[in-house]
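Next comes query_29.csv, a file with CSV, C-alpha atoms.
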```
chain,number,residue,atom,x,y,z
A,16,MET,CA,128.2,114.0,154.3
A,17,ILE,CA,128.3,116.9,151.9
A,18,ARG,CA,130.0,114.8,149.2
A,19,ALA,CA,127.4,112.0,149.7
A,20,ALA,CA,124.6,114.5,149.4
A,21,GLY,CA,126.2,115.9,146.3
A,22,ILE,CA,126.4,112.4,144.7
A,23,GLN,CA,122.7,111.8,145.5
A,24,THR,CA,121.7,115.1,144.0
A,25,SER,CA,123.7,114.3,140.9
A,26,GLU,CA,122.1,110.9,140.5
A,27,ALA,CA,118.7,112.4,141.1
A,28,SER,CA,119.4,115.0,138.4
A,29,LYS,CA,120.5,112.3,136.0
A,30,LYS,CA,117.4,110.2,136.6
A,31,SER,CA,115.2,113.3,136.1
A,32,PHE,CA,117.0,114.1,132.9
A,33,THR,CA,116.7,110.5,131.6
A,34,ARG,CA,113.1,110.4,132.5
A,35,GLY,CA,112.4,113.7,130.8
A,36,LEU,CA,114.3,112.6,127.7
A,37,LEU,CA,112.5,109.3,127.6
A,38,THR,CA,109.1,111.1,127.9
A,39,LEU,CA,110.0,113.4,125.0
A,40,VAL,CA,111.1,110.5,122.8
A,41,LEU,CA,107.8,108.7,123.5
A,42,LEU,CA,105.8,111.8,123.2
A,43,ILE,CA,106.8,112.3,119.5
A,44,PRO,CA,105.4,109.0,118.2
A,45,ALA,CA,102.4,109.4,120.4
A,46,CYS,CA,101.6,112.7,118.8
A,47,ILE,CA,102.1,111.2,115.4
A,48,PHE,CA,99.7,108.4,116.1
A,49,LEU,CA,97.1,110.8,117.6
A,50,LEU,CA,97.3,113.3,114.8
A,51,PRO,CA,94.8,111.4,112.5
A,52,ILE,CA,92.3,111.2,115.3
A,53,VAL,CA,92.7,114.9,116.1
A,54,LEU,CA,92.4,115.9,112.5
A,55,THR,CA,89.2,113.8,112.2
A,56,ALA,CA,87.7,115.4,115.3
A,57,VAL,CA,88.6,118.9,114.0
A,58,ASN,CA,87.3,118.2,110.5
A,59,SER,CA,84.0,116.8,111.9
A,60,ILE,CA,83.1,120.2,113.2
A,61,MET,CA,84.1,122.2,110.1
A,62,THR,CA,81.6,123.6,107.6
A,63,GLY,CA,81.1,121.7,104.4
A,64,ASP,CA,82.6,124.6,102.3
A,65,GLU,CA,85.7,124.7,104.4
A,66,ILE,CA,86.3,120.9,104.1
A,67,GLN,CA,85.7,121.2,100.3
A,68,ARG,CA,88.4,123.9,100.1
A,69,ASN,CA,90.9,122.1,102.3
A,70,TYR,CA,90.6,118.7,100.5
A,71,ALA,CA,89.8,120.0,97.0
A,72,ALA,CA,92.9,118.2,95.6
A,73,LEU,CA,91.3,114.8,96.5
A,74,GLY,CA,88.5,115.4,94.1
A,75,GLN,CA,90.6,116.2,91.1
A,76,SER,CA,91.8,113.4,88.8
A,77,GLY,CA,95.6,113.4,88.6
A,78,ALA,CA,95.8,116.5,90.9
A,79,THR,CA,99.2,117.5,92.2
A,80,GLY,CA,98.0,120.1,94.7
A,81,PHE,CA,98.4,120.0,98.5
A,82,ILE,CA,95.8,119.2,101.1
A,83,ASN,CA,95.3,121.9,103.8
A,84,LEU,CA,95.4,120.2,107.2
A,85,LYS,CA,94.0,122.6,109.7
A,86,LEU,CA,93.9,122.1,113.5
A,87,ILE,CA,91.6,125.1,114.1
A,88,PRO,CA,88.5,125.5,112.0
A,89,ASP,CA,87.4,128.9,110.7
A,90,TRP,CA,83.8,128.2,111.8
A,91,ILE,CA,82.4,125.5,114.0
A,92,SER,CA,79.4,123.6,112.6
A,93,PHE,CA,77.5,120.6,113.8
A,94,GLU,CA,75.6,120.2,110.6
A,95,GLN,CA,77.3,116.9,109.8
A,96,TYR,CA,76.3,115.4,113.1
A,97,LYS,CA,72.8,116.6,112.7
A,98,HIS,CA,72.7,114.9,109.2
A,99,ILE,CA,73.9,111.5,110.4
A,100,LEU,CA,72.2,111.4,113.8
A,101,ILE,CA,68.9,112.9,112.9
A,102,ASP,CA,68.3,113.3,109.2
A,103,ASN,CA,70.0,110.1,108.0
A,104,VAL,CA,67.9,107.2,109.2
A,105,HIS,CA,70.1,104.8,107.2
A,106,PHE,CA,73.2,105.7,109.2
A,107,LEU,CA,71.4,105.0,112.5
A,108,ARG,CA,70.1,101.7,111.2
A,109,MET,CA,73.6,100.6,110.2
A,110,PHE,CA,74.9,101.7,113.6
A,111,TRP,CA,72.4,99.5,115.4
A,112,ASN,CA,73.2,96.7,112.9
A,113,SER,CA,76.8,96.8,114.2
A,114,VAL,CA,75.6,96.7,117.8
A,115,LEU,CA,73.2,93.8,117.1
A,116,LEU,CA,76.1,91.9,115.4
A,117,VAL,CA,78.9,92.6,117.9
A,118,VAL,CA,77.1,92.3,121.3
A,119,PRO,CA,75.8,88.6,120.7
A,120,ILE,CA,79.3,87.6,119.5
A,121,ILE,CA,81.0,89.1,122.5
A,122,VAL,CA,78.5,87.6,125.0
A,123,GLY,CA,78.5,84.2,123.3
A,124,GLN,CA,82.2,83.9,122.8
A,125,THR,CA,82.9,85.0,126.4
A,126,ILE,CA,80.6,82.3,127.8
A,127,VAL,CA,81.8,79.6,125.4
A,128,ALA,CA,85.5,80.5,125.7
A,129,SER,CA,85.5,80.7,129.5
A,130,LEU,CA,83.8,77.2,129.8
A,131,ALA,CA,86.1,75.7,127.2
A,132,ALA,CA,89.2,77.2,128.8
A,133,TYR,CA,88.2,75.8,132.2
A,134,ALA,CA,87.7,72.4,130.7
A,135,LEU,CA,91.1,72.5,128.9
A,136,THR,CA,93.0,73.4,132.0
A,137,LYS,CA,91.3,72.1,135.0
A,138,LEU,CA,89.6,68.9,133.8
A,139,ARG,CA,91.6,65.9,133.1
A,140,PHE,CA,90.5,63.8,130.1
A,141,ARG,CA,92.1,62.0,127.2
A,142,GLY,CA,92.9,64.2,124.1
A,143,ARG,CA,92.8,67.4,126.0
A,144,GLU,CA,96.1,68.8,124.6
A,145,ALA,CA,95.2,67.6,121.1
A,146,LEU,CA,91.9,69.4,121.3
A,147,PHE,CA,93.5,72.6,122.4
A,148,TYR,CA,96.1,72.4,119.5
A,149,ALA,CA,93.2,71.9,117.1
A,150,TYR,CA,91.7,75.1,118.5
A,151,LEU,CA,95.1,76.8,118.1
A,152,ILE,CA,95.4,75.8,114.5
A,153,THR,CA,92.0,77.3,113.6
A,154,MET,CA,93.1,80.6,115.3
A,155,LEU,CA,96.3,80.7,113.3
A,156,MET,CA,94.5,80.3,110.0
A,157,PRO,CA,93.8,83.6,108.2
A,158,PHE,CA,90.2,84.6,107.5
A,159,GLN,CA,90.5,83.9,103.8
A,160,VAL,CA,91.3,80.2,104.5
A,161,THR,CA,88.1,79.6,106.5
A,162,LEU,CA,85.9,81.9,104.4
A,163,VAL,CA,84.9,79.2,101.8
A,164,PRO,CA,84.0,76.5,104.4
A,165,ASN,CA,82.1,79.0,106.5
A,166,TYR,CA,80.2,80.2,103.5
A,167,ILE,CA,79.3,76.6,102.4
A,168,VAL,CA,78.1,75.7,105.8
A,169,ALA,CA,76.1,78.9,106.2
A,170,ASP,CA,74.5,78.4,102.8
A,171,TRP,CA,73.7,74.8,103.6
A,172,LEU,CA,72.0,75.9,106.8
A,173,GLY,CA,70.1,78.7,105.0
A,174,LEU,CA,71.8,81.5,107.0
A,175,ILE,CA,73.2,83.5,104.1
A,176,ASN,CA,72.0,87.1,104.3
A,177,THR,CA,71.1,86.8,108.0
A,178,PRO,CA,73.0,88.0,111.0
A,179,LEU,CA,73.5,84.4,112.2
A,180,SER,CA,75.9,83.8,109.4
A,181,ILE,CA,78.3,86.1,111.2
A,182,ILE,CA,77.3,85.7,114.8
A,183,GLY,CA,77.6,81.9,114.7
A,184,PRO,CA,81.2,81.6,113.7
A,185,GLY,CA,82.0,84.6,115.9
A,186,ILE,CA,80.7,82.9,119.0
A,187,PHE,CA,82.8,79.9,118.5
A,188,GLY,CA,86.0,81.7,117.6
A,189,ALA,CA,89.2,80.2,119.0
A,190,PHE,CA,90.9,83.4,120.2
A,191,GLY,CA,88.9,83.7,123.4
A,192,VAL,CA,89.7,80.1,124.4
A,193,PHE,CA,93.4,80.7,123.9
A,194,LEU,CA,93.4,83.9,125.9
A,195,LEU,CA,91.4,82.6,128.9
A,196,ARG,CA,93.3,79.3,128.9
A,197,GLN,CA,96.6,81.2,129.4
A,198,PHE,CA,95.0,82.9,132.3
A,199,PHE,CA,93.5,79.8,133.9
A,200,MET,CA,96.9,78.1,133.7
A,201,ASN,CA,98.2,80.6,136.3
A,202,ILE,CA,95.5,79.6,138.8
A,203,PRO,CA,96.7,76.8,141.2
A,204,TYR,CA,94.7,73.6,141.2
A,205,ALA,CA,94.5,73.9,145.0
A,206,TYR,CA,91.5,76.2,144.6
A,207,ILE,CA,89.5,73.5,142.8
A,208,GLU,CA,90.5,71.0,145.5
A,209,ALA,CA,89.4,73.4,148.2
A,210,GLY,CA,86.0,73.7,146.5
A,211,LYS,CA,85.6,70.0,146.2
A,212,ILE,CA,86.3,69.6,149.9
A,213,ASP,CA,83.5,72.0,150.6
A,214,GLY,CA,81.2,69.9,148.4
A,215,ALA,CA,81.1,72.1,145.4
A,216,GLY,CA,80.9,70.7,141.9
A,217,HIS,CA,82.8,71.9,138.8
A,218,PHE,CA,80.1,74.3,137.8
A,219,ARG,CA,79.9,75.9,141.2
A,220,ILE,CA,83.7,76.1,141.4
A,221,PHE,CA,83.8,77.7,138.0
A,222,LEU,CA,81.1,80.3,138.8
A,223,SER,CA,81.9,81.1,142.4
A,224,ILE,CA,85.7,80.7,142.7
A,225,LEU,CA,87.5,80.8,139.3
A,226,LEU,CA,85.3,83.2,137.3
A,227,PRO,CA,85.8,86.2,139.7
A,228,MET,CA,89.6,85.5,139.6
A,229,ILE,CA,89.7,85.9,135.8
A,230,ARG,CA,87.7,89.1,135.6
A,231,PRO,CA,90.6,91.1,134.1
A,232,ALA,CA,91.1,88.5,131.4
A,233,ILE,CA,87.4,88.6,130.6
A,234,ILE,CA,87.4,92.4,130.3
A,235,ALA,CA,90.5,92.2,128.1
A,236,LEU,CA,88.8,89.6,125.9
A,237,ILE,CA,85.6,91.8,125.6
A,238,LEU,CA,87.7,94.8,124.5
A,239,LEU,CA,89.7,92.8,122.0
A,240,LEU,CA,86.6,91.2,120.6
A,241,PHE,CA,84.7,94.5,120.4
A,242,VAL,CA,87.5,96.1,118.4
A,243,ASP,CA,87.9,93.1,116.1
A,244,TYR,CA,84.2,92.6,115.2
A,245,TRP,CA,83.3,96.3,115.3
A,246,ASN,CA,85.8,96.9,112.5
A,247,MET,CA,84.9,93.9,110.4
A,248,VAL,CA,84.3,94.6,106.7
A,249,GLU,CA,84.9,91.4,104.7
A,250,GLN,CA,82.4,89.2,106.6
A,251,PRO,CA,79.4,91.5,106.2
A,252,LEU,CA,80.2,92.1,102.5
A,253,ILE,CA,80.3,88.4,101.8
A,254,PHE,CA,77.5,87.0,104.1
A,255,LEU,CA,75.1,90.0,104.1
A,256,GLN,CA,74.1,90.9,100.6
A,257,ASP,CA,71.3,93.1,101.8
A,258,ALA,CA,72.7,96.6,102.3
A,259,MET,CA,70.1,97.3,105.0
A,260,GLN,CA,71.6,94.5,107.2
A,261,GLN,CA,75.2,95.5,106.9
A,262,PRO,CA,77.0,97.2,109.8
A,263,LEU,CA,78.4,100.7,110.0
A,264,SER,CA,82.0,99.6,109.1
A,265,VAL,CA,80.8,98.8,105.6
A,266,TYR,CA,79.0,102.1,105.3
A,267,LEU,CA,82.2,104.1,106.2
A,268,SER,CA,84.2,102.1,103.6
A,269,ARG,CA,81.8,103.3,100.9
A,270,LEU,CA,82.1,107.0,101.7
A,271,ARG,CA,83.9,108.8,98.8
A,272,GLY,CA,84.2,112.2,97.1
A,273,ASP,CA,81.3,114.4,97.9
A,274,SER,CA,80.6,112.4,101.1
A,275,LEU,CA,83.9,113.5,102.7
A,276,LYS,CA,82.2,116.1,104.9
A,277,ILE,CA,79.9,113.4,106.3
A,278,ALA,CA,82.8,110.9,106.6
A,279,PHE,CA,84.5,112.8,109.4
A,280,ALA,CA,81.5,113.1,111.6
A,281,ALA,CA,80.5,109.5,110.9
A,282,SER,CA,84.1,108.4,111.8
A,283,MET,CA,83.9,110.2,115.1
A,284,VAL,CA,80.5,108.5,116.0
A,285,TYR,CA,82.0,105.2,114.8
A,286,MET,CA,85.1,105.5,117.0
A,287,ALA,CA,83.2,106.8,120.1
A,288,PRO,CA,82.1,103.3,121.5
A,289,MET,CA,85.6,101.9,121.2
A,290,VAL,CA,87.2,104.9,122.8
A,291,LEU,CA,84.7,105.1,125.7
A,292,LEU,CA,84.9,101.4,126.3
A,293,PHE,CA,88.7,101.4,126.4
A,294,LEU,CA,89.0,104.5,128.7
A,295,ASN,CA,86.6,102.9,131.2
A,296,ALA,CA,88.3,99.5,131.2
A,297,GLU,CA,92.0,100.3,130.5
A,298,PRO,CA,93.3,99.1,133.9
A,299,TYR,CA,91.6,95.8,133.6
A,300,PHE,CA,92.6,95.4,130.0
A,301,ILE,CA,96.3,96.0,130.8
A,302,GLU,CA,96.2,93.6,133.8
A,303,GLY,CA,94.4,90.9,131.8
A,304,VAL,CA,96.8,91.0,128.9
A,305,GLN,CA,99.9,91.0,131.2
A,306,GLN,CA,98.7,88.1,133.4
A,307,SER,CA,97.6,86.0,130.4
A,308,GLY,CA,101.3,85.8,129.3
A,309,ILE,CA,100.6,87.1,125.7
A,310,LYS,CA,103.4,89.2,124.3
A,311,GLY,CA,103.3,91.8,121.5
```

Serialized structure, structure tokens:
Amino acid sequence: MIRAAGIQTSEASKKSFTRGLLTLVLLIPACIFLLPIVLTAVNSIMTGDEIQRNYAALGQSGATGFINLKLIPDWISFEQYKHILIDNVHFLRMFWNSVLLVVPIIVGQTIVASLAAYALTKLRFRGREALFYAYLITMLMPFQVTLVPNYIVADWLGLINTPLSIIGPGIFGAFGVFLLRQFFMNIPYAYIEAGKIDGAGHFRIFLSILLPMIRPAIIALILLLFVDYWNMVEQPLIFLQDAMQQPLSVYLSRLRGDSLKIAFAASMVYMAPMVLLFLNAEPYFIEGVQQSGIKG
């Protein structure tokens, strides 16, 4: 008995040591990945003079000096936040431009993708697999390949320099169809047969039975779409020539030199929706990606 207890204690100690070592190994890259976010947050509450001193080497042509990365500011100031959120009307307008571009794309693609994924998995019709592979090919194409056709069509429809030139292609993107189709494939066809026995049609079966079952996948899709389109830069630069219609992502890409003190606060405001959305939906996101079968 004493020997068995000793063996169990030794195994428990080994497991604790292994777990602690693994935690330490994973903690190091986690800290490295979080460091830029922490530095951005700290710099966003520094005074403009302190930022100028710390990053003076960036403003010198051919400078070989070092940048002073500080995790604790000398003085805390919210002047930058006041500037971008109250004084700078242009910043707020571009923030809402991002919202007005991203929200319709997310809502539209979620609706279209869920209906298309249902049809491609639960409805039997000729050419179903060929249609899905056509969707898949468009998803595998890089943005640069589809840029010219999209621009030609948008110009032909008179949509250049309007939000619809970005919202339209975004709603009918192929990624949502692929993600939700993988999830629908894991749902047995018996649910549809049970609904038909009760007299429900396909639309009622989709809304009342299958749609609640794919809730994690829909939340995962919303998160992925939000991150993708919230960070877009190329599409607005090409399709929206009017600077007053461009989103916040374009505004941040243009901050240089003297605007560095504003860039940190603007970056924090820019990241806030993504961070808050992910923190509130993290369990659903992980479950949705795991059950969809997507790797990597």

Using CA of Ile202 in chain A and CA of Pro184 in chain A as the two end points, give the distance in Å to one decimal.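 Computing the Euclidean distance for CA of Ile202 in chain A and CA of Pro184 in chain A yields 29.0 Å.
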
A:Leu240, A:Ile207, A:Ile301, A:Ile277: which is nearest Ser223 in chain A, counting all atoms listed in the file?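 Ranking A:Leu240, A:Ile207, A:Ile301, A:Ile277 by distance to Ser223 in chain A, first place goes to A:Ile207.
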
With all atoms listed in the file as the atoms that count, which of A:Ile47, A:Leu162, A:Leu54, A:Ala128 lies nearest to Phe193 in chain A? A:Ala128

Find the residues around range 113-118 of chain A up to 6 Å (only C-alpha atoms counted), leave out those fewer than 2 positions away in its own chain, and share them as an mmCIF file with C-alpha atoms, in the coordinates of the input.
```cif
data_model
loop_
_atom_site.group_PDB
_atom_site.id
_atom_site.type_symbol
_atom_site.label_atom_id
_atom_site.label_comp_id
_atom_site.auth_asym_id
_atom_site.auth_seq_id
_atom_site.Cartn_x
_atom_site.Cartn_y
_atom_site.Cartn_z
ATOM 1 C CA PHE A 110 74.900 101.700 113.600
ATOM 2 C CA TRP A 111 72.400 99.500 115.400
ATOM 3 C CA ILE A 120 79.300 87.600 119.500
ATOM 4 C CA ILE A 121 81.000 89.100 122.500
ATOM 5 C CA TYR A 244 84.200 92.600 115.200
ATOM 6 C CA PRO A 262 77.000 97.200 109.800
ATOM 7 C CA LEU A 263 78.400 100.700 110.000
#
```

What lies within 10 Å of Ile224 in chain A using only C-alpha atoms, ignoring chain neighbours under 6 positions off, as a JSON list (two decimals) with C-alpha atoms, in the coordinates of the input?
```json
[["chain", "number", "residue", "atom", "x", "y", "z"],
["A", 206, "TYR", "CA", 91.50, 76.20, 144.60],
["A", 207, "ILE", "CA", 89.50, 73.50, 142.80],
["A", 209, "ALA", "CA", 89.40, 73.40, 148.20],
["A", 210, "GLY", "CA", 86.00, 73.70, 146.50],
["A", 218, "PHE", "CA", 80.10, 74.30, 137.80]]
```

List as a PyMOL selection string: which residues have an atom within 10 Å of (66.1, 89.3, 103.6), counting all atoms listed in the file? chain A and resi 175-177+255-260

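For the atom pair formed by CA of Asn201 in chain A and CA of Lys137 in chain A, the distance is 11.0 Å, given to one decimal.
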
Given all atoms listed in the file as the basis, pick out the residue of A:Ile233, A:Val168, A:Ala215, A:Ile52 nearest to Ala287 in chain A.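 Among the listed residues, A:Ile52 lies closest to Ala287 in chain A.
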
Between A:Met154, A:Met109, A:Ala45, A:Ala134, which residue has the minimum interatomic distance to Tyr266 in chain A, considering all atoms listed in the file?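 Looking at the shortest contact to Tyr266 in chain A, the residue is A:Met109.
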
Just how far from CA of Met61 in chain A is CA of Ile99 in chain A, in Å to one decimal?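 Taking CA of Ile99 in chain A as the start and CA of Met61 in chain A as the end point, the length is 14.8 Å.
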
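Here the residues that fall within 9 Å of (87.4, 79.9, 118.2), using all atoms listed in the file, are given as A:Gln124, A:Ala128, A:Tyr150, A:Leu151, A:Thr153, A:Met154, A:Pro184, A:Gly185, A:Ile186, A:Phe187, A:Gly188, A:Ala189, A:Phe190, A:Gly191, A:Val192, A:Phe193.
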
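Using only C-alpha atoms, the shortest contact distance between Pro203 in chain A and any of A:Leu225, A:Phe254, A:Leu174, A:Ile152 is found at A:Leu225.
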